[in-house]
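Undergrad: This structure is in structure tokens; I'll ask about it shortly.
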Amino acid sequence: GGSLAASAGAGTPEQPIDLDGGEPSRDGKRGAAASTPESEAEMTTWFAFSALTGRLHAFGDAPEPLPGGMGANALPCAIADADEAALPAALREPRALRAAQLWLAQWEGLSPSQRAAVQDRPVKSPALAASSAAAAG
């Protein structure tokens with residue numbers, strides 16, 4: 001037989017290696033969802049990832065995060081799977097669910113030190129907040 005890489009097709013033109021982990025979208029493009037213009041517009045909702053509970057908490061889409069949050073939070077797996085039984089009503093709404101999914105996609109791309117810089121704080125874009133935190137200090 002051939003080598004393991006050849007038999008798996010890794011790196012061949014037929015099966016490119018996806019370095020950023022993005023899934024192909026309906027239009028065939030790969031990459032993070034936040035790179036498309038319509039999804040950047042969706043990055044207007046405040047969320048915070050709790051280091052204590054591992055849950056994503058929603059803080060609304062007003063210019064500033066709601067001081068006490070929206071009382072809506074869920075585990076990342078429930079958000080990723082759109083598990084309506086495990087999601088609070090506020091996160092079952094399609095726009096809010098999509099915003100939470102985009103937020104978590106950015107969160108997953110952060111390094112542990114970047115996550116530490118922004119966890120437990122409401123931010124609209126974890127990637128942007130992490131880069132701002134790194135630049136500041």
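Letters A, B, ... go to the chains of the structure tokens in the order shown; residues in each chain start at 1; ligands are counted from 1 in the same order.
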Counting only C-alpha atoms, what is within 12 Å of Glu64 of chain A, bar same-chain residues fewer than 3 positions away, as an NGL selection string?

TA: :A and (44-47 or 59-61 or 67-69 or 122-124)

Undergrad: Write out as a VMD selection string each polymer residue whose atoms come within 6 Å of Gln106 of chain A, counting only C-alpha atoms; drop sequence neighbours fewer than 3 positions from it.

TA: chain A and resid 103 109 127

Undergrad: Find the spatial neighbours of Cys77 of chain A, counting only C-alpha atoms, within a cut-off of 10 Å - ignore same-chain residues fewer than 4 positions away - and output them as a list in words.

TA: Arg55, Asp81, Ala82, Asp83, Ala86, Gln101 and Leu104 of chain A

Undergrad: Any chance you can output those residues with all heavy atoms as a PDB file, in the first residue's frame?

TA:
ATOM      1  N   ARG A  55     -20.415  28.637  30.423  1.00  0.00           N
ATOM      2  CA  ARG A  55     -21.612  28.998  29.673  1.00  0.00           C
ATOM      3  C   ARG A  55     -21.424  30.361  29.010  1.00  0.00           C
ATOM      4  O   ARG A  55     -20.691  31.203  29.509  1.00  0.00           O
ATOM      5  CB  ARG A  55     -22.832  29.032  30.590  1.00  0.00           C
ATOM      6  CG  ARG A  55     -23.139  27.683  31.225  1.00  0.00           C
ATOM      7  CD  ARG A  55     -24.251  27.762  32.247  1.00  0.00           C
ATOM      8  NE  ARG A  55     -25.560  27.814  31.627  1.00  0.00           N
ATOM      9  CZ  ARG A  55     -26.254  26.752  31.219  1.00  0.00           C
ATOM     10  NH1 ARG A  55     -25.746  25.543  31.360  1.00  0.00           N
ATOM     11  NH2 ARG A  55     -27.437  26.891  30.677  1.00  0.00           N
ATOM     12  N   ASP A  81     -25.335  23.338  18.437  1.00  0.00           N
ATOM     13  CA  ASP A  81     -26.303  22.375  17.893  1.00  0.00           C
ATOM     14  C   ASP A  81     -27.687  22.976  17.694  1.00  0.00           C
ATOM     15  O   ASP A  81     -28.581  22.290  17.213  1.00  0.00           O
ATOM     16  CB  ASP A  81     -26.434  21.175  18.827  1.00  0.00           C
ATOM     17  CG  ASP A  81     -25.154  20.366  18.932  1.00  0.00           C
ATOM     18  OD1 ASP A  81     -24.282  20.518  18.050  1.00  0.00           O
ATOM     19  OD2 ASP A  81     -25.016  19.602  19.901  1.00  0.00           O
ATOM     20  N   ALA A  82     -27.876  24.249  18.107  1.00  0.00           N
ATOM     21  CA  ALA A  82     -29.197  24.890  18.072  1.00  0.00           C
ATOM     22  C   ALA A  82     -30.229  24.005  18.769  1.00  0.00           C
ATOM     23  O   ALA A  82     -31.347  23.807  18.285  1.00  0.00           O
ATOM     24  CB  ALA A  82     -29.611  25.215  16.636  1.00  0.00           C
ATOM     25  N   ASP A  83     -29.856  23.473  19.922  1.00  0.00           N
ATOM     26  CA  ASP A  83     -30.701  22.568  20.704  1.00  0.00           C
ATOM     27  C   ASP A  83     -31.770  23.375  21.431  1.00  0.00           C
ATOM     28  O   ASP A  83     -31.541  23.902  22.517  1.00  0.00           O
ATOM     29  CB  ASP A  83     -29.829  21.799  21.691  1.00  0.00           C
ATOM     30  CG  ASP A  83     -30.604  20.825  22.548  1.00  0.00           C
ATOM     31  OD1 ASP A  83     -31.848  20.745  22.411  1.00  0.00           O
ATOM     32  OD2 ASP A  83     -29.975  20.138  23.365  1.00  0.00           O
ATOM     33  N   ALA A  86     -32.486  22.996  25.114  1.00  0.00           N
ATOM     34  CA  ALA A  86     -31.478  23.436  26.076  1.00  0.00           C
ATOM     35  C   ALA A  86     -31.215  24.939  26.027  1.00  0.00           C
ATOM     36  O   ALA A  86     -30.408  25.439  26.797  1.00  0.00           O
ATOM     37  CB  ALA A  86     -30.181  22.676  25.837  1.00  0.00           C
ATOM     38  N   GLN A 101     -23.638  31.870  17.829  1.00  0.00           N
ATOM     39  CA  GLN A 101     -22.805  30.911  17.099  1.00  0.00           C
ATOM     40  C   GLN A 101     -21.576  31.588  16.503  1.00  0.00           C
ATOM     41  O   GLN A 101     -20.473  31.048  16.564  1.00  0.00           O
ATOM     42  CB  GLN A 101     -23.627  30.211  16.012  1.00  0.00           C
ATOM     43  CG  GLN A 101     -24.652  29.256  16.587  1.00  0.00           C
ATOM     44  CD  GLN A 101     -25.644  28.753  15.560  1.00  0.00           C
ATOM     45  OE1 GLN A 101     -25.914  29.404  14.551  1.00  0.00           O
ATOM     46  NE2 GLN A 101     -26.217  27.587  15.814  1.00  0.00           N
ATOM     47  N   LEU A 104     -19.146  32.356  19.352  1.00  0.00           N
ATOM     48  CA  LEU A 104     -18.422  31.158  19.784  1.00  0.00           C
ATOM     49  C   LEU A 104     -17.396  30.701  18.761  1.00  0.00           C
ATOM     50  O   LEU A 104     -16.331  30.185  19.133  1.00  0.00           O
ATOM     51  CB  LEU A 104     -19.408  30.021  20.081  1.00  0.00           C
ATOM     52  CG  LEU A 104     -20.139  30.150  21.416  1.00  0.00           C
ATOM     53  CD1 LEU A 104     -21.238  29.107  21.516  1.00  0.00           C
ATOM     54  CD2 LEU A 104     -19.171  30.027  22.584  1.00  0.00           C
TER      55      LEU A 104
END

Undergrad: Could you check the closest approach to Ser50 of chain A for each of A:Ala133, A:Ala116, A:Ser125, A:Glu93 and tell me which residue wins, using only C-alpha atoms?

TA: A:Ala116

Undergrad: Quote the spacing between atom CA of Arg121 of chain A and atom CA of Ala90 of chain A in Å to one decimal place.

TA: 19.5 Å

Undergrad: Compile the contact shell of Pro112 of chain A as a list in words: residues with an atom at most 12 Å away, counting only C-alpha atoms, same-chain residues fewer than 6 positions apart removed.

TA: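 The neighbour list is Ala51, Val118, Gln119 and Ala130 of chain A.
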
Undergrad: Would you save the residues from that selection as a PDB file, in the first residue's frame, using C-alpha atoms?

TA:
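File produced: out_13.pdb:
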ATOM      1  CA  ALA A  51     -14.814  30.848  33.286  1.00  0.00           C
ATOM      2  CA  VAL A 118     -11.616  38.556  27.593  1.00  0.00           C
ATOM      3  CA  GLN A 119     -13.499  35.890  29.565  1.00  0.00           C
ATOM      4  CA  ALA A 130      -8.488  39.952  22.588  1.00  0.00           C
TER       5      ALA A 130
END

Undergrad: Can you work out the spacing between atom CA of Leu91 of chain A and atom CA of Gln114 of chain A in Å, to one decimal?

TA: 25.1 Å

Undergrad: Any idea what the distance is between atom CA of Ala89 of chain A and atom CA of Arg115 of chain A?

TA: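 Between atom CA of Ala89 of chain A and atom CA of Arg115 of chain A the gap is 26.9 Å.
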